[in-house]
Amino acid sequence: MRYAETGFDLEIDLSRGSIERVATDPKLTALYLGGQGTAAKILWDRVPPEIDPLDPENLLIFSTGLLHSTPVPGANRTSVDTFSPQTGRYSHSLFGGFFGPEMKYAGYDKFIFRGKADDLVYLWINNDKVEIRDATHLRGKGAQETALILKEEVGDDNAQVASIGLAGENRVYMASIEHANSSASRGVGVIMGDKRIKAIVVRGTKDVYIAQPTELAEISIPMYKEMYDNKDCGDSMAHGEGDEFHVDNFAWGNARTRRNQFFTKEMEEEWISLEDKLRMRWTGCHNCPKDCHQAINYPGRMPYFQKCYSKLTYAMGSFGDLDFDYNIIGITQEYGMDAYSTPQTIAFAIELYEAGILTDKDLPDFPGADGETVEGYNINTSRFFYLVEKIARREGIGDVLANGIYAAARQIGNGAEEYDHNTIKKFEQVPIKLGYVNYPYFLMYATGEKMNITQIEGSYPQAPIVDKKEREEFVKNWDAAPERFKKWFMEWEPRTNVSLEAAVHICDWNEAMHYIDDAIGTCAFLSSFRGQFGGRPPYHIYNMPDFITRASGIELDSDELWEVARRNRNLVRALNIRRGLRRADERPPEDHWQKREPENEQKLLDMYYEFKGWNNDGIPTRETLDKLGLNYVSKDFIQRGILE
Amino acid sequence: MTGEAVSNGLKKRIIKEIKVNLDKCIGCRACEMACSGFHAEPKFSSTNPARSRIRVIVEDRKDVYLPIRAGDYSSAECAGRNTYTINGKDYSQCSFCTVSCPSRDLFKEPDSDLPLKCDMCESVPPLAEPMCVQVCCCDALTYVEREEVVDVKEVRRDEIDLGLESLISKHGIEKVAKIVAQIARTSKG
C-alpha cells in the first residue's frame with residue numbers, strides 16, 4: 001500500500017501515441033519525496049545534455065507534491081519540469097489551483113510527456129481512461145476559453161484543465177501554462193506548445209490513502225484556522241500590502257527608473273476603488289483557507305485571476321497605471337504569457353526603438369512613430385498592446401522578441417546587447433535596482449537555479465528590526481528558525497550587511513525551504529517565501545517532518561528533511577552543470593546594485609561553494625554527491641570529464 | 001438528534017442546520033476534503049472529494065461558487081428544470097439541488113454508485129460542529145441549531161434505508177431480499 005502518493009506515473013509518448021501507467025519505486029519517494037525532486041531524477045535519467053530542449057526526446061513533467069490530496073492544508077502546487085530553449089538549461093515552475101490534487105485522485109503522481117504530436121492535441125485523463133484527442137479546433141483559442149470548451153466537450157464540470165494559449169502554440173519562450181486561478185511560467189509553456197499539447201484535462205474519483213489517519217487529522221485540522229488567522233502568510237501583496245514598497249522601490253520601464261515617493265495616498269485610494277470595482281471575488285487554491293487570488297472582470301475581457309505581483313508588472317514596464325495593467329492582463333493571460341518576462345521584454349523593445357536600434361521598418365505602424373503626443377496619454381501603453389500581439393504571434397520583430405531578452409538582444413545586435421541589463425543566465429529577472437550590494441541576495445541571485453528570486457528567497461528577513469526590544473520579541477517567537485539565525489538576527493545592525501558566513505547560511509536556508517515545498521507541494525506563501533515577513537510561517541523545517549511522516553509513512557526528522565532538500569538541490573544543480581553551468585555564469589546583473597564589492601562577492605562564492613561541498617567552479621564534488629546517494633551523478637560527471 | 005416529549009404525539013427536537021453564504025465562499029473545497037476524510041473507514045484513512053457529502057459547484061469565469069450538501073436519493077430526474085438569475089448570475093436548478101439523482105454524478109459512491117447523504121457528522125462523541133464547517137474559515141458555512149416541535153411519527157431515514165431503497169429500485173426487491181438472506185446465512189455459518 002502506498003500512502004499520500006498513488007505509486008503510479010502516467011507516461012505519454014506523443015510521437016507514438018502510446019500511453020502507459022507505470023508503477024514507481026517507493027525508494028525514490030523516500031530519497032526525493034516527490035514533486036520537483038522526483039522530476040529532477042527522471043530528467044537526469046532520461047534527458048541527457050545532448051538533447052536539445054526542442055528535441056522530441058525532451059520530457060515535460062507535471063508532478064504532484066507528496067502532500068497533495070492529503071488533509072494537510074495548502075498543499076496544492078503542481079511542479080512542471082523540463083528543459084528550456086531560452087536558457088538551454090533546467091526549467092521549473094509551479095502552479096497552484098486544483099490540478100495536482102485532481103491528478104492524484106485520477107490515480108497518478110506524475111504526467112510525463114515525451115515526443116511531439118503532429119498537430120495540436122489534448123489529453124483527456126478520466127481515472128484509468130486516457131485518450132489523446134485532436135485539438136485542432138482549439139487552435140488560436142485563449143487558455144481559459146479552451147478550458148471552458150473542453151469541460152463541455154468531455155461533459156464533466158468537475159474536470160481540471162491546464163492549457164496554453166496562442167503564445168504557447170507559437171512556441172513563445174515566455175509562454176505560460178494556465179490553470180484555473182494559477183499559471184506556470186519560466187520556460188515550461190513553450191515546451192507544452194512544442195509538444196503540441198493544447199491542454200490536459202483530468203478528472204479523478206479515486207481514493208488517496210493516509211498512513212497515520214487520526215494522527216495526521218489531529219495536526220492538520222487546526223492548521224486551517226491557524227493559517228487563516230495568521231496575517232503573515234498567504235499573499236498579502238495581492239491584498240494591497242506592499243504596493244507602496246514595489247511602486248517606490250522597483251524599477252520602471254526596462255528595469256531602469258526608480259520613482260521614489262511616487263506612490264501617494266490618492267493613488268492608494270484610487271487603486272483600492274478600482275480593484276473593488278473590477279474584483280468579482282477573492283478565491284483560494286485547493287484545500288487552503290487563504291484567499292490569494294482575485295477574480296477580475298475587466299470590461300470586454302474574459303474574466304481572469306490576477307495573482308501576486310502581476311498587477312504591477314505591466315503598469316511599471318510601461319510607466320502606465322493600474323487600469324492599464326488590469327486591462328492588458330485580460331489579453332496576456334488568454335494568450336498565456338508570463339507576467340514577469342513579457343512586460344520586461346516589451347519595455348526592452350521600446351527602449352531599443354527610442355534608441356534607434358529598432359526602427360519603423362522593424363515596427364511598422366508602431367504607435368507614436370510620428371512623434372505625435374496626446375496630453376495625458378501614455379503612448380507606451382498602446383505600444384504594449386501592439387507588441388503583445390507581435391510576440392504572441394511571433395510576427396515580424398515579435399519572432400525575435402519571443403526568444404526572450406538575452407537572445408533577442410544578440411539577434412538584433414547593433415548595440416542592443418547593452419540594453420539586456422537585467423538577465424541572469426539568459427533569463428529576465430525581477431526589476432530591482434538598489435544601492436548597496438546585499439550579501440545573501442548576491443548569493444541567491446548568483447547561484448539560484450529556480451531563476452526568479454521569489455523562488456529562492458524567503459525564510460530570513462530582508463531587513464533587521466530597528467527596535468531592540470521588538471527584535472528580541474521577534475526572535476523569541478521565531479519557531480521556524482534554526483538557532484544560528486536567531487543569533488545573527490540579534491546582531492544585525494540596520495543598514496549593515498550580515499557577515500559573509502551568515503550570508504552563506506541564509507542563502508542555504510532560504511533555498512532549502514523552497515526545495516522542500518516544491519517536493520511536497522506546499523505553497524511558498526505558507527512557508528518558504530513568507531517566513532521573511534513576520535517570521536511565523538505555518539510550515540517550517542521543524543513541523544514539516546510530522547506532516548510528511550503522518551501522511552506518507554516516511555519516517556524522517558528535521559535534519560533528514562534538510563538532507564532531502566540538499567539532495568534535490570544538488571541534483572538540480574547537476575542537471576545544469578551537465579549542460580554547461582559554471583562559476584562564470586553566476587553573476588547578478590552589473591547594475592543590480594550601484595555599489596558593489598567585487599572581492600567580497602567572489603569570496604562569498606568561494607565560501608558558499610565550499611559550504612555546499614562544491615568545487616571552485618561550482619560543481620558538486622564526488623564526496624558531496626556520493627554522501628547524498630547521488631553516486632550515479634558523480635559517476636556520470638567523471639565519465640564526462642566534468643569531475644576528475 | 002435528541003428530542004423530548006412535548007405533548008401526545010408531538011415532541012421537541014434540535015434541528016441542525018448549516019447556513020451557506022455564497023458571497024463568502026473562496027472555492028477552496030476544504031469542506032470536501034474534511035468530509036471525505038471524516039467519513040472514511042477508519043476516519044481520515046483516505047480522502048476523495050467524489051465521496052464527499054458536500055460538494056462545491058464552481059464555475060469560476062461566471063463567479064459561481066456553490067457548496068451543496070447531499071440530501072435524499074431520487075431515482076427519477078426532474079421533469080423540467082429552472083434557471084435562476086440572482087444578482088445577474090445564472091444558476092441552474094441543479095446547482096442548488098441536494099438530491100442524489102440519475103442526472104448527475106454528484107453524491108454517489110464512485111465504486112458502487114450508491115447514494116451519499118450528509119449525516120451532519122453525527123458521531124460518538126459528538127462533534128461541536130460538522131467537519132465541513134470546522135474547516136471553512138471564511139464562514140461560507142456556519143452551523144446553527146434550533147428547536148422545532150415535530151410529529152413523532154416521522155421516521156428517520158438513515159444511510160442503510162437509503163442504500164437499500166436504491167438497491168431495490170435498481171435490482172428489484174426480490175433479488176435484494178434473496179441476497180440479504182444469503183448473506184445472513186453465510187455470516188451465521
# chains A, B, ... in the order shown; residues from 1 in each chain; ligands from 1

call {"tool": "interface_residues", "arguments": {"of": "chain B", "to": "chain A", "cutoff": "6 Å", "atoms": "only C-alpha atoms", "output": "list in words"}}
result
Ile26, Cys28, Arg29, Ala30, Phe44, Ser45, Ser46, Thr47, Asn48, Ala50 and Arg61 of chain B

call {"tool": "write_last_selection", "arguments": {"atoms": "N, CA, C and O atoms", "output": "mmCIF file, in the first residue's frame"}}
result
data_model
loop_
_atom_site.group_PDB
_atom_site.id
_atom_site.type_symbol
_atom_site.label_atom_id
_atom_site.label_comp_id
_atom_site.auth_asym_id
_atom_site.auth_seq_id
_atom_site.Cartn_x
_atom_site.Cartn_y
_atom_site.Cartn_z
ATOM 1 N N ILE B 26 -14.669 30.890 -0.986
ATOM 2 C CA ILE B 26 -13.479 31.160 -1.798
ATOM 3 C C ILE B 26 -13.157 29.970 -2.706
ATOM 4 O O ILE B 26 -12.140 29.960 -3.400
ATOM 5 N N CYS B 28 -12.237 26.852 -2.092
ATOM 6 C CA CYS B 28 -11.037 26.056 -1.785
ATOM 7 C C CYS B 28 -11.322 24.567 -1.655
ATOM 8 O O CYS B 28 -10.433 23.756 -1.707
ATOM 9 N N ARG B 29 -12.571 24.238 -1.423
ATOM 10 C CA ARG B 29 -13.005 22.838 -1.337
ATOM 11 C C ARG B 29 -12.423 22.094 -0.127
ATOM 12 O O ARG B 29 -12.349 20.869 -0.128
ATOM 13 N N ALA B 30 -12.017 22.856 0.891
ATOM 14 C CA ALA B 30 -11.567 22.212 2.129
ATOM 15 C C ALA B 30 -12.707 21.390 2.728
ATOM 16 O O ALA B 30 -12.479 20.343 3.345
ATOM 17 N N PHE B 44 -10.365 9.334 8.315
ATOM 18 C CA PHE B 44 -9.224 10.025 7.697
ATOM 19 C C PHE B 44 -8.185 9.072 7.088
ATOM 20 O O PHE B 44 -7.076 9.468 6.784
ATOM 21 N N SER B 45 -8.573 7.808 6.915
ATOM 22 C CA SER B 45 -7.625 6.878 6.301
ATOM 23 C C SER B 45 -7.515 7.113 4.800
ATOM 24 O O SER B 45 -6.598 6.620 4.158
ATOM 25 N N SER B 46 -8.464 7.847 4.235
ATOM 26 C CA SER B 46 -8.358 8.211 2.823
ATOM 27 C C SER B 46 -9.088 9.520 2.589
ATOM 28 O O SER B 46 -9.888 9.952 3.424
ATOM 29 N N THR B 47 -8.787 10.155 1.465
ATOM 30 C CA THR B 47 -9.542 11.340 1.066
ATOM 31 C C THR B 47 -9.986 11.133 -0.378
ATOM 32 O O THR B 47 -9.314 10.448 -1.147
ATOM 33 N N ASN B 48 -11.113 11.713 -0.709
ATOM 34 C CA ASN B 48 -11.625 11.603 -2.073
ATOM 35 C C ASN B 48 -12.864 12.493 -2.203
ATOM 36 O O ASN B 48 -13.925 12.140 -1.704
ATOM 37 N N ALA B 50 -14.890 12.856 -4.424
ATOM 38 C CA ALA B 50 -16.032 12.191 -5.058
ATOM 39 C C ALA B 50 -16.894 11.480 -4.016
ATOM 40 O O ALA B 50 -18.059 11.181 -4.259
ATOM 41 N N ARG B 61 -15.361 31.368 -14.136
ATOM 42 C CA ARG B 61 -15.459 32.553 -15.018
ATOM 43 C C ARG B 61 -16.806 33.244 -14.849
ATOM 44 O O ARG B 61 -16.999 34.358 -15.294
#

call {"tool": "residues_around", "arguments": {"residues": "B:Tyr143", "least_positions_apart": "4", "cutoff": "12 Å", "atoms": "only C-alpha atoms", "output": "list in words"}}
result
Ile15, Lys16, Glu17, Ile18, Lys19, Val20, Asn21, Met120, Cys121, Leu127, Ala128, Glu129, Pro130, Met131, Cys132, Val133, Gln134, Val135, Cys136 and Asp139 of chain B

call {"tool": "write_last_selection", "arguments": {"atoms": "all heavy atoms", "output": "compact mmCIF listing (two decimals), in the first residue's frame"}}
result
# COMPACT_ATOMS: atom_id res chain seq x y z
N ILE B 15 -32.93 20.87 15.53
CA ILE B 15 -32.65 20.83 14.10
C ILE B 15 -31.25 21.40 13.88
O ILE B 15 -30.96 22.51 14.31
CB ILE B 15 -33.66 21.67 13.30
CG1 ILE B 15 -35.08 21.20 13.56
CG2 ILE B 15 -33.32 21.66 11.81
CD1 ILE B 15 -35.40 19.84 13.00
N LYS B 16 -30.41 20.60 13.25
CA LYS B 16 -29.06 21.06 12.95
C LYS B 16 -29.06 21.64 11.54
O LYS B 16 -29.56 21.02 10.61
CB LYS B 16 -28.09 19.90 13.02
CG LYS B 16 -28.01 19.28 14.39
CD LYS B 16 -27.10 18.08 14.38
CE LYS B 16 -26.86 17.62 15.81
NZ LYS B 16 -25.93 16.47 15.82
N GLU B 17 -28.51 22.82 11.46
CA GLU B 17 -28.60 23.49 10.16
C GLU B 17 -27.25 24.08 9.78
O GLU B 17 -26.53 24.61 10.63
CB GLU B 17 -29.62 24.61 10.30
CG GLU B 17 -30.10 25.19 9.00
CD GLU B 17 -31.20 26.22 9.24
OE1 GLU B 17 -32.31 25.82 9.63
OE2 GLU B 17 -30.92 27.41 9.04
N ILE B 18 -26.91 23.96 8.51
CA ILE B 18 -25.71 24.63 8.01
C ILE B 18 -26.16 25.77 7.12
O ILE B 18 -26.90 25.56 6.16
CB ILE B 18 -24.80 23.65 7.25
CG1 ILE B 18 -24.20 22.65 8.23
CG2 ILE B 18 -23.68 24.41 6.53
CD1 ILE B 18 -23.39 21.55 7.61
N LYS B 19 -25.74 26.96 7.47
CA LYS B 19 -26.09 28.12 6.64
C LYS B 19 -24.99 28.33 5.63
O LYS B 19 -23.80 28.22 5.95
CB LYS B 19 -26.23 29.37 7.51
CG LYS B 19 -27.40 29.27 8.45
CD LYS B 19 -27.84 30.65 8.89
CE LYS B 19 -29.20 30.51 9.57
NZ LYS B 19 -29.85 31.77 9.79
N VAL B 20 -25.40 28.63 4.42
CA VAL B 20 -24.43 28.79 3.34
C VAL B 20 -24.46 30.23 2.83
O VAL B 20 -25.51 30.72 2.42
CB VAL B 20 -24.76 27.83 2.18
CG1 VAL B 20 -23.72 27.95 1.07
CG2 VAL B 20 -24.85 26.39 2.67
N ASN B 21 -23.33 30.88 2.90
CA ASN B 21 -23.23 32.24 2.38
C ASN B 21 -22.39 32.21 1.10
O ASN B 21 -21.16 32.11 1.15
CB ASN B 21 -22.59 33.17 3.42
CG ASN B 21 -22.57 34.61 2.96
OD1 ASN B 21 -22.57 34.89 1.76
ND2 ASN B 21 -22.56 35.53 3.91
N MET B 120 -24.58 15.18 8.93
CA MET B 120 -24.14 16.24 9.85
C MET B 120 -23.01 15.74 10.76
O MET B 120 -22.83 16.23 11.87
CB MET B 120 -25.31 16.76 10.69
CG MET B 120 -26.42 17.39 9.87
SD MET B 120 -25.86 18.84 8.95
CE MET B 120 -26.52 20.15 9.97
N CYS B 121 -22.26 14.77 10.30
CA CYS B 121 -21.12 14.22 11.04
C CYS B 121 -21.53 13.70 12.41
O CYS B 121 -20.77 13.86 13.39
CB CYS B 121 -20.00 15.25 11.18
SG CYS B 121 -19.24 15.69 9.62
N LEU B 127 -19.41 15.81 17.53
CA LEU B 127 -18.54 16.94 17.19
C LEU B 127 -19.25 18.24 17.57
O LEU B 127 -20.47 18.31 17.57
CB LEU B 127 -18.24 16.98 15.69
CG LEU B 127 -17.60 15.76 15.05
CD1 LEU B 127 -17.32 16.05 13.57
CD2 LEU B 127 -16.30 15.39 15.75
N ALA B 128 -18.47 19.25 17.87
CA ALA B 128 -19.04 20.56 18.17
C ALA B 128 -19.76 21.11 16.93
O ALA B 128 -20.81 21.72 17.01
CB ALA B 128 -17.97 21.52 18.62
N GLU B 129 -19.14 20.88 15.77
CA GLU B 129 -19.71 21.32 14.50
C GLU B 129 -19.37 20.28 13.46
O GLU B 129 -18.34 19.59 13.59
CB GLU B 129 -19.05 22.64 14.06
CG GLU B 129 -19.41 23.85 14.89
CD GLU B 129 -18.71 25.11 14.39
OE1 GLU B 129 -17.63 24.98 13.79
OE2 GLU B 129 -19.26 26.20 14.61
N PRO B 130 -20.18 20.16 12.41
CA PRO B 130 -19.80 19.23 11.33
C PRO B 130 -18.42 19.60 10.78
O PRO B 130 -18.02 20.76 10.82
CB PRO B 130 -20.89 19.44 10.28
CG PRO B 130 -22.04 20.04 11.01
CD PRO B 130 -21.46 20.82 12.15
N MET B 131 -17.71 18.62 10.25
CA MET B 131 -16.34 18.83 9.78
C MET B 131 -16.23 19.93 8.74
O MET B 131 -15.30 20.73 8.75
CB MET B 131 -15.77 17.53 9.19
CG MET B 131 -15.33 16.49 10.18
SD MET B 131 -14.24 17.07 11.49
CE MET B 131 -12.86 17.68 10.56
N CYS B 132 -17.19 19.97 7.80
CA CYS B 132 -17.09 20.96 6.72
C CYS B 132 -17.11 22.37 7.28
O CYS B 132 -16.42 23.26 6.78
CB CYS B 132 -18.20 20.76 5.70
SG CYS B 132 -19.86 20.82 6.38
N VAL B 133 -17.91 22.57 8.34
CA VAL B 133 -18.00 23.90 8.96
C VAL B 133 -16.69 24.21 9.69
O VAL B 133 -16.19 25.32 9.64
CB VAL B 133 -19.21 23.97 9.91
CG1 VAL B 133 -19.25 25.33 10.61
CG2 VAL B 133 -20.50 23.71 9.16
N GLN B 134 -16.16 23.18 10.34
CA GLN B 134 -14.91 23.38 11.10
C GLN B 134 -13.77 23.90 10.25
O GLN B 134 -12.95 24.68 10.71
CB GLN B 134 -14.47 22.06 11.74
CG GLN B 134 -15.26 21.69 12.96
CD GLN B 134 -14.60 20.51 13.69
OE1 GLN B 134 -13.38 20.42 13.78
NE2 GLN B 134 -15.42 19.60 14.19
N VAL B 135 -13.70 23.44 9.00
CA VAL B 135 -12.56 23.84 8.18
C VAL B 135 -12.88 25.03 7.27
O VAL B 135 -12.03 25.48 6.51
CB VAL B 135 -12.02 22.66 7.31
CG1 VAL B 135 -11.56 21.53 8.22
CG2 VAL B 135 -13.07 22.18 6.32
N CYS B 136 -14.11 25.52 7.33
CA CYS B 136 -14.49 26.65 6.48
C CYS B 136 -14.22 27.95 7.24
O CYS B 136 -15.08 28.49 7.92
CB CYS B 136 -15.96 26.56 6.08
SG CYS B 136 -16.40 27.88 4.92
N ASP B 139 -16.19 31.38 6.66
CA ASP B 139 -17.60 31.42 7.11
C ASP B 139 -18.61 31.37 5.98
O ASP B 139 -19.70 31.92 6.09
CB ASP B 139 -17.86 32.66 7.97
CG ASP B 139 -17.22 32.53 9.35
OD1 ASP B 139 -16.92 31.38 9.74
OD2 ASP B 139 -17.01 33.56 10.00

call {"tool": "select_by_dssp", "arguments": {"residues": "stretch 106-165 of chain B", "states": "strand (DSSP E or B)", "output": "NGL selection string"}}
result
:B and (108 or 115 or 141-151)

call {"tool": "residues_around", "arguments": {"residues": "stretch 105-108 of chain B", "least_positions_apart": "5", "cutoff": "10 Å", "atoms": "only C-alpha atoms", "output": "ChimeraX atom specification"}}
result
/A:156,158 /B:49-55,57,69-73,98-100,113-118

call {"tool": "residues_around", "arguments": {"residues": "A:Ala392", "least_positions_apart": "6", "cutoff": "9 Å", "atoms": "only C-alpha atoms", "output": "ChimeraX atom specification"}}
result
/A:165-172,175,332,335-337,398-399,402

call {"tool": "residues_around", "arguments": {"residues": "A:Arg471", "least_positions_apart": "6", "cutoff": "9 Å", "atoms": "only C-alpha atoms", "output": "PyMOL selection string"}}
result
chain A and resi 464-465+489-490

call {"tool": "write_last_selection", "arguments": {"atoms": "N, CA, C and O atoms", "output": "PDB file, in the first residue's frame"}}
result
ATOM      1  N   PRO A 464      16.709  44.070   9.207  1.00  0.00           N
ATOM      2  CA  PRO A 464      16.615  43.859  10.657  1.00  0.00           C
ATOM      3  C   PRO A 464      15.492  44.715  11.255  1.00  0.00           C
ATOM      4  O   PRO A 464      15.037  45.663  10.620  1.00  0.00           O
ATOM      5  N   ILE A 465      15.065  44.338  12.441  1.00  0.00           N
ATOM      6  CA  ILE A 465      14.088  45.173  13.139  1.00  0.00           C
ATOM      7  C   ILE A 465      14.856  46.195  13.957  1.00  0.00           C
ATOM      8  O   ILE A 465      15.744  45.826  14.733  1.00  0.00           O
ATOM      9  N   PHE A 489      20.477  37.340  13.698  1.00  0.00           N
ATOM     10  CA  PHE A 489      19.441  38.375  13.577  1.00  0.00           C
ATOM     11  C   PHE A 489      19.555  39.392  14.711  1.00  0.00           C
ATOM     12  O   PHE A 489      19.372  40.591  14.499  1.00  0.00           O
ATOM     13  N   MET A 490      19.865  38.873  15.902  1.00  0.00           N
ATOM     14  CA  MET A 490      20.027  39.774  17.048  1.00  0.00           C
ATOM     15  C   MET A 490      21.217  40.729  16.840  1.00  0.00           C
ATOM     16  O   MET A 490      21.191  41.875  17.275  1.00  0.00           O
TER      17      MET A 490
END

call {"tool": "select_by_dssp", "arguments": {"residues": "stretch 128-319 of chain A", "states": "alpha helix (DSSP H)", "output": "number ranges by chain"}}
result
A: 143-154, 166-169, 189-194, 213-229, 243-249, 265-278, 310-318

call {"tool": "atom_distance", "arguments": {"atom1": "atom CA of A:Ile112", "atom2": "atom CA of A:Leu150"}}
result
21.0 Å

call {"tool": "closest_residue", "arguments": {"among": "B:Ile183, B:Leu10, B:Val58, B:Val64", "to": "B:Asp90", "atoms": "only C-alpha atoms"}}
result
B:Val64

call {"tool": "residues_around", "arguments": {"residues": "A:Phe485", "least_positions_apart": "4", "cutoff": "12 Å", "atoms": "only C-alpha atoms", "output": "list in words"}}
result
Ser459, Tyr460, Pro461, Pro464, Val475, Lys476, Trp478, Asp479, Ala480, Ala481, Phe489, Met490, Glu491, Trp492, Val498, Ser499, Glu501, Ala502, Ala503, Val504, His505, Ile506, Cys507, Asp508, Trp509, Asn510, Gln532 and Gly535 of chain A

call {"tool": "residues_around", "arguments": {"residues": "A:Leu10", "least_positions_apart": "6", "cutoff": "12 Å", "atoms": "only C-alpha atoms", "output": "PyMOL selection string"}}
result
chain A and resi 18-24+60-64+103-104+106-114+123+125+127-131+202

call {"tool": "atom_distance", "arguments": {"atom1": "atom CA of B:Glu145", "atom2": "atom CA of B:Ile14"}}
result
6.3 Å
